[in-house]
Amino acid sequence: MPFLGGSALKEAYRRAQRGGYAYMANNIAEPNTFIGLLDAYSEAMSDLLVQISPGAAKFAGGGDKLAGMRAMCGLVRELAAKRPMGVFVNLDHFTTKEMDLIETAIRERLVSSIMIDASDESFDENVRISREVVRMAKGSGTLVEAELGKIRGVEDEIASDDAFYTHPDEAVEFVNASGADLLAISIGTEHGVSKGRTIQLRVDLAQAIQTKLRAAGLDTPLVLHGSSGLLLHQVKDAIRYGICKLNKDTHYQYVYSRTACEFYVKNAAAIVPPAGVEDDVVDLFSKSDWSPNKKLFDPRVAGRAVQERIKWIAGELLAQAGSAGHAQAIEGTADAG
Ligand SMILES: [Zn+2]
């Protein structure tokens with residue numbers, strides 16, 4: 001299936017709410033992680049939600065965020081086309097600094113949803129900025145995620161040193177005033193690695209927020225940031241109380257680097273010259289009897305190992321979210337109701 005837009009994503013969340021499962025929202029910044037994700041989600045027949053942060057766009061664009069955003073969205077479109085499931089793209093933690101990119105993404109229909117993060121601002125300013133993005137997205141089908149409550153930790157250029165929890169009454173007021181399609185709430189996770197063993201995950205708060213929203217006639221899908229490191233029972237509890245999207249970035253970063261690290265440590269002798277051999281990279285060891293092994297230093301060899309391991313961890317994580325077997329290609333789009 002091709003890349004799928006916001007209306008299909010809206011329906012996917014609605015079905016997840018009814019079916020008691022959720023989607024992992026998986027950050028990508030380069031092809032290896034994305035290909036590993038595609039393989040895992042194809043096999044599980046789950047639609048795949050990937051997300052691109054401003055930092056990832058900047059990285060992919062060699063410093064040019066706009067070029068990087070377009071390039072990554074192009075990569076997603078091309079590689080998704082022949083897969084059996086659909087692929088959604090979310091812009092993750094875009095801020096007032098990226099308003100021109102948000103405008104471009106909406107105009108060029110590059111993405112399925114956009115997260116506008118003004119959670120560092122006052123309540124009123126957060127509403128105003130989020131509502132502005134909702135207004136920009138109107139009529140395009142692109143969904144808008146906004147965040148209320150600060151999430152501890154560092155993610156790209158957003159740093160919040162004092163975590164505070166989302167207030168249920170404010171959540172209702174915020175969704176009504178901003179018109180956001182999805183609401184990211186702060187219930188105790190941290191950006192980076194949330195140590196599931198030690199954090200105090202306030203699922204009671206997620207439940208209270210869901211209850212208040214429903215009482216106000218809103219069935220807004222809730223989003224949990226900083227989900228890397230959560231334990232299975234915490235993921236299940238979060239889903240039970242309305243979390244439809246769990247953001248995962250750090251977990252893939254670790255598995256990526258761990259795999260590359262093990263590969264290069266194991267194969268160091270085939271890549272790095274031994275003692276006594278001149279370290280002549282400029283002449284590529286032409287003057288020496290020793291040669292590095294191209295079968296091992298070709299970056300695609302380690303890259304394939306990374307893709308395999310990402311596929312493995314993505315399969316584990318999507319099983320936690322419960323999205324396997326729910327691809328729109330299987331379930332169809334008839335029950336939009
Ligand atoms: Zn986040």
# chains A, B, ... in the order shown; residues from 1 in each chain; ligands from 1
call {"tool": "residues_near_ligand", "arguments": {"ligand": "ligand 1", "cutoff": "8 Å", "atoms": "only C-alpha atoms and all ligand atoms", "output": "CSV table (one decimal) with N, CA, C and O atoms, in the first residue's frame"}}
result
chain,number,residue,atom,x,y,z
A,92,ASP,N,7.3,15.2,14.3
A,92,ASP,CA,7.4,15.0,15.8
A,92,ASP,C,8.0,16.3,16.4
A,92,ASP,O,9.1,16.6,16.0
A,93,HIS,N,7.4,16.9,17.4
A,93,HIS,CA,7.9,18.0,18.1
A,93,HIS,C,8.3,19.2,17.2
A,93,HIS,O,9.4,19.7,17.4
A,151,ILE,N,7.0,17.2,29.5
A,151,ILE,CA,7.6,15.9,29.7
A,151,ILE,C,9.1,16.1,30.0
A,151,ILE,O,9.8,16.8,29.3
A,155,GLU,N,14.5,16.3,24.2
A,155,GLU,CA,14.3,15.8,22.9
A,155,GLU,C,14.5,16.9,21.9
A,155,GLU,O,13.9,17.9,21.9
A,191,HIS,N,11.5,11.8,28.3
A,191,HIS,CA,12.1,11.7,27.0
A,191,HIS,C,13.5,11.0,27.3
A,191,HIS,O,14.1,11.2,28.3
A,224,LEU,N,1.4,9.2,24.3
A,224,LEU,CA,2.4,9.1,25.3
A,224,LEU,C,3.8,9.2,24.7
A,224,LEU,O,4.3,8.4,23.9
A,225,HIS,N,4.5,10.3,25.1
A,225,HIS,CA,5.9,10.5,24.7
A,225,HIS,C,6.8,9.8,25.7
A,225,HIS,O,6.4,9.5,26.8
A,226,GLY,N,8.0,9.6,25.3
A,226,GLY,CA,9.0,9.1,26.2
A,226,GLY,C,8.7,7.6,26.6
A,226,GLY,O,8.8,7.3,27.8
A,247,ASN,N,5.3,7.0,21.6
A,247,ASN,CA,6.5,7.4,20.8
A,247,ASN,C,7.7,6.6,21.2
A,247,ASN,O,8.0,6.5,22.4
call {"tool": "select_by_dssp", "arguments": {"residues": "range 54-292 of chain A", "states": "strand (DSSP E)", "output": "number ranges by chain"}}
result
A: 87-94, 113-116, 143-148, 153-155, 158-160, 182-185, 222-224, 243-248
call {"tool": "write_last_selection", "arguments": {"atoms": "N, CA, C and O atoms", "output": "short mmCIF file (atom, residue, chain, number, x, y, z; two decimals), in the first residue's frame"}}
result
data_model
loop_
_atom_site.label_atom_id
_atom_site.label_comp_id
_atom_site.auth_asym_id
_atom_site.auth_seq_id
_atom_site.Cartn_x
_atom_site.Cartn_y
_atom_site.Cartn_z
N VAL A 87 1.65 3.08 5.34
CA VAL A 87 2.64 3.78 6.15
C VAL A 87 2.19 5.23 6.36
O VAL A 87 1.83 5.92 5.41
N PHE A 88 2.19 5.64 7.61
CA PHE A 88 1.83 7.01 7.99
C PHE A 88 3.10 7.76 8.41
O PHE A 88 4.03 7.15 8.93
N VAL A 89 3.08 9.07 8.20
CA VAL A 89 4.20 9.89 8.65
C VAL A 89 3.69 11.00 9.57
O VAL A 89 2.72 11.69 9.24
N ASN A 90 4.35 11.14 10.71
CA ASN A 90 4.04 12.23 11.63
C ASN A 90 5.27 13.13 11.76
O ASN A 90 6.39 12.64 11.78
N LEU A 91 5.05 14.43 11.83
CA LEU A 91 6.14 15.35 12.18
C LEU A 91 6.14 15.47 13.69
O LEU A 91 5.12 15.82 14.29
N ASP A 92 7.28 15.18 14.31
CA ASP A 92 7.38 15.04 15.75
C ASP A 92 8.04 16.26 16.39
O ASP A 92 9.14 16.65 15.98
N HIS A 93 7.37 16.86 17.36
CA HIS A 93 7.94 18.00 18.09
C HIS A 93 8.34 19.16 17.20
O HIS A 93 9.42 19.74 17.37
N PHE A 94 7.47 19.50 16.25
CA PHE A 94 7.72 20.73 15.51
C PHE A 94 7.23 21.89 16.38
O PHE A 94 6.30 21.75 17.17
N SER A 113 0.20 13.47 9.80
CA SER A 113 -0.10 14.28 10.98
C SER A 113 1.12 15.10 11.38
O SER A 113 2.24 14.82 10.96
N ILE A 114 0.82 16.11 12.20
CA ILE A 114 1.88 17.02 12.66
C ILE A 114 1.71 17.22 14.15
O ILE A 114 0.61 17.54 14.62
N MET A 115 2.80 17.06 14.89
CA MET A 115 2.75 17.44 16.29
C MET A 115 3.32 18.85 16.44
O MET A 115 4.47 19.10 16.09
N ILE A 116 2.48 19.75 16.95
CA ILE A 116 2.97 21.09 17.27
C ILE A 116 3.25 21.10 18.77
O ILE A 116 2.36 20.80 19.58
N LEU A 143 -3.75 15.56 10.32
CA LEU A 143 -4.13 15.63 11.74
C LEU A 143 -3.12 16.46 12.51
O LEU A 143 -1.95 16.54 12.13
N VAL A 144 -3.58 17.04 13.61
CA VAL A 144 -2.69 17.84 14.45
C VAL A 144 -2.67 17.28 15.87
O VAL A 144 -3.73 17.08 16.49
N GLU A 145 -1.46 17.02 16.35
CA GLU A 145 -1.26 16.58 17.73
C GLU A 145 -0.68 17.76 18.51
O GLU A 145 0.26 18.39 18.04
N ALA A 146 -1.26 18.04 19.66
CA ALA A 146 -0.70 19.09 20.51
C ALA A 146 -0.38 18.48 21.87
O ALA A 146 -0.83 17.38 22.19
N GLU A 147 0.42 19.17 22.64
CA GLU A 147 0.86 18.61 23.93
C GLU A 147 0.51 19.54 25.08
O GLU A 147 0.70 20.74 25.01
N LEU A 148 -0.01 18.93 26.13
CA LEU A 148 -0.31 19.69 27.35
C LEU A 148 0.37 19.01 28.52
O LEU A 148 0.17 17.83 28.79
N GLY A 153 13.03 15.61 30.46
CA GLY A 153 14.06 15.06 29.59
C GLY A 153 14.34 15.97 28.42
O GLY A 153 13.81 17.06 28.32
N VAL A 154 15.17 15.49 27.54
CA VAL A 154 15.60 16.31 26.42
C VAL A 154 15.22 15.62 25.12
O VAL A 154 15.47 14.45 24.94
N GLU A 155 14.54 16.34 24.25
CA GLU A 155 14.26 15.79 22.94
C GLU A 155 14.53 16.89 21.93
O GLU A 155 13.88 17.91 21.91
N ILE A 158 13.94 20.77 22.47
CA ILE A 158 13.01 21.06 23.56
C ILE A 158 13.60 20.49 24.85
O ILE A 158 13.88 19.32 24.93
N ALA A 159 13.80 21.30 25.84
CA ALA A 159 14.27 20.79 27.13
C ALA A 159 13.35 21.30 28.23
O ALA A 159 13.12 22.49 28.35
N SER A 160 12.80 20.39 28.98
CA SER A 160 11.96 20.79 30.10
C SER A 160 12.58 20.24 31.37
O SER A 160 12.69 19.04 31.51
N LEU A 182 -5.26 15.12 18.29
CA LEU A 182 -4.64 14.20 19.26
C LEU A 182 -4.04 15.02 20.39
O LEU A 182 -3.57 16.14 20.16
N LEU A 183 -4.02 14.42 21.57
CA LEU A 183 -3.45 15.13 22.72
C LEU A 183 -2.34 14.32 23.37
O LEU A 183 -2.56 13.19 23.82
N ALA A 184 -1.15 14.91 23.39
CA ALA A 184 -0.02 14.30 24.11
C ALA A 184 -0.11 14.74 25.56
O ALA A 184 -0.22 15.93 25.85
N ILE A 185 -0.09 13.77 26.46
CA ILE A 185 -0.24 14.10 27.89
C ILE A 185 1.02 13.70 28.65
O ILE A 185 1.78 12.84 28.22
N LEU A 222 -5.16 9.77 22.82
CA LEU A 222 -4.09 10.31 23.66
C LEU A 222 -2.75 9.75 23.23
O LEU A 222 -2.66 8.64 22.70
N VAL A 223 -1.71 10.54 23.46
CA VAL A 223 -0.36 10.18 23.02
C VAL A 223 0.58 10.17 24.22
O VAL A 223 0.52 11.06 25.07
N LEU A 224 1.42 9.16 24.25
CA LEU A 224 2.41 9.06 25.32
C LEU A 224 3.81 9.21 24.73
O LEU A 224 4.25 8.38 23.94
N ILE A 243 -4.45 5.70 25.58
CA ILE A 243 -3.26 6.01 24.79
C ILE A 243 -3.32 5.22 23.47
O ILE A 243 -3.44 3.99 23.47
N CYS A 244 -3.28 5.93 22.35
CA CYS A 244 -3.36 5.31 21.02
C CYS A 244 -2.04 5.36 20.28
O CYS A 244 -1.87 4.72 19.25
N LYS A 245 -1.12 6.16 20.81
CA LYS A 245 0.16 6.38 20.11
C LYS A 245 1.25 6.46 21.16
O LYS A 245 1.17 7.27 22.09
N LEU A 246 2.24 5.58 21.03
CA LEU A 246 3.36 5.56 21.98
C LEU A 246 4.64 5.88 21.22
O LEU A 246 5.03 5.15 20.31
N ASN A 247 5.28 6.98 21.59
CA ASN A 247 6.45 7.42 20.85
C ASN A 247 7.70 6.64 21.24
O ASN A 247 8.02 6.53 22.42
N LYS A 248 8.39 6.14 20.22
CA LYS A 248 9.62 5.36 20.45
C LYS A 248 10.73 5.90 19.57
O LYS A 248 10.63 5.87 18.34
#
call {"tool": "closest_atom_pairs", "arguments": {"of": "range 67-118 of chain A", "to": "range 21-43 of chain A", "cutoff": "7 Å", "atoms": "only C-alpha atoms", "output": "CSV"}}
result
residue,atom,partner,partner_atom,distance
A:Arg83,CA,A:Ser42,CA,6.6
A:Pro84,CA,A:Ser42,CA,6.2
A:Met85,CA,A:Ser42,CA,6.2
call {"tool": "write_last_selection", "arguments": {"atoms": "C-alpha atoms", "output": "mmCIF file, in the first residue's frame"}}
result
data_model
loop_
_atom_site.group_PDB
_atom_site.id
_atom_site.type_symbol
_atom_site.label_atom_id
_atom_site.label_comp_id
_atom_site.auth_asym_id
_atom_site.auth_seq_id
_atom_site.Cartn_x
_atom_site.Cartn_y
_atom_site.Cartn_z
ATOM 1 C CA ARG A 83 4.505 -2.982 0.903
ATOM 2 C CA PRO A 84 1.334 -4.846 1.875
ATOM 3 C CA MET A 85 0.451 -2.413 4.666
#
call {"tool": "closest_residue", "arguments": {"among": "A:Ile102, A:Ile187, A:Leu201, A:Ala56", "to": "Phe164 in chain A", "atoms": "only C-alpha atoms"}}
result
A:Ile187
call {"tool": "closest_residue", "arguments": {"among": "A:Gln307, A:Thr189, A:Thr142, A:Asn126", "to": "Ala177 in chain A", "atoms": "only C-alpha atoms"}}
result
A:Asn126
call {"tool": "closest_atom_pairs", "arguments": {"of": "range 116-232 of chain A", "to": "range 250-258 of chain A", "cutoff": "7 Å", "atoms": "only C-alpha atoms", "output": "CSV"}}
result
residue,atom,partner,partner_atom,distance
A:Gly192,CA,A:Thr250,CA,5.7
A:Val193,CA,A:Thr250,CA,6.5
A:Ser228,CA,A:His251,CA,5.3
call {"tool": "write_last_selection", "arguments": {"atoms": "C-alpha atoms", "output": "compact mmCIF listing (two decimals), in the first residue's frame"}}
result
# COMPACT_ATOMS: atom_id res chain seq x y z
CA GLY A 192 15.22 9.51 26.52
CA VAL A 193 14.96 6.28 28.44
CA SER A 228 11.29 3.89 25.50
call {"tool": "atom_distance", "arguments": {"atom1": "CA of Asn293 in chain A", "atom2": "CA of Ala268 in chain A"}}
result
10.1 Å
call {"tool": "residues_around", "arguments": {"residues": "Ala57 in chain A", "least_positions_apart": "2", "cutoff": "8 Å", "atoms": "only C-alpha atoms", "output": "VMD selection string"}}
result
chain A and resid 29 52 to 55 59 to 61 64 to 69 72
call {"tool": "residues_around", "arguments": {"residues": "Ala238 in chain A", "least_positions_apart": "2", "cutoff": "9 Å", "atoms": "only C-alpha atoms", "output": "VMD selection string"}}
result
chain A and resid 201 to 203 206 to 207 224 233 to 236 240 to 244
call {"tool": "select_by_dssp", "arguments": {"residues": "range 134-292 of chain A", "states": "alpha helix (DSSP H)", "output": "ChimeraX atom specification"}}
result
/A:134-137,168-178,203-215,232-240,250-266,268-271
call {"tool": "residues_around", "arguments": {"residues": "Ile106 in chain A", "least_positions_apart": "4", "cutoff": "10 Å", "atoms": "only C-alpha atoms", "output": "list in words"}}
result
Asp100, Leu101, Ile102, Leu110, Val111, Ser112, Ser113, Ile114, Val133, Met136, Ala137, Lys138, Gly139, Ser140, Gly141, Thr142 and Leu143 of chain A
call {"tool": "atom_distance", "arguments": {"atom1": "CA of Lys82 in chain A", "atom2": "CA of Ala8 in chain A"}}
result
17.8 Å
call {"tool": "closest_residue", "arguments": {"among": "A:Ser194, A:Ser178, A:Ser323, A:Thr211", "to": "Leu231 in chain A", "atoms": "only C-alpha atoms"}}
result
A:Ser194
call {"tool": "closest_residue", "arguments": {"among": "A:Gly315, A:Pro2, A:Gly303, A:Gly322", "to": "Gly20 in chain A", "atoms": "only C-alpha atoms"}}
result
A:Gly322
call {"tool": "residues_around", "arguments": {"residues": "range 167-176 of chain A", "least_positions_apart": "3", "cutoff": "6 Å", "atoms": "only C-alpha atoms", "output": "count of residues only"}}
result
4
call {"tool": "closest_residue", "arguments": {"among": "A:Leu317, A:Ala260, A:Leu232, A:Val277", "to": "Ala305 in chain A", "atoms": "only C-alpha atoms"}}
result
A:Ala260
call {"tool": "closest_residue", "arguments": {"among": "A:Asp47, A:Glu121, A:Asp181, A:Asp249", "to": "Ile313 in chain A", "atoms": "only C-alpha atoms"}}
result
A:Asp249
call {"tool": "atom_distance", "arguments": {"atom1": "CA of Trp290 in chain A", "atom2": "CA of Val265 in chain A"}}
result
18.9 Å
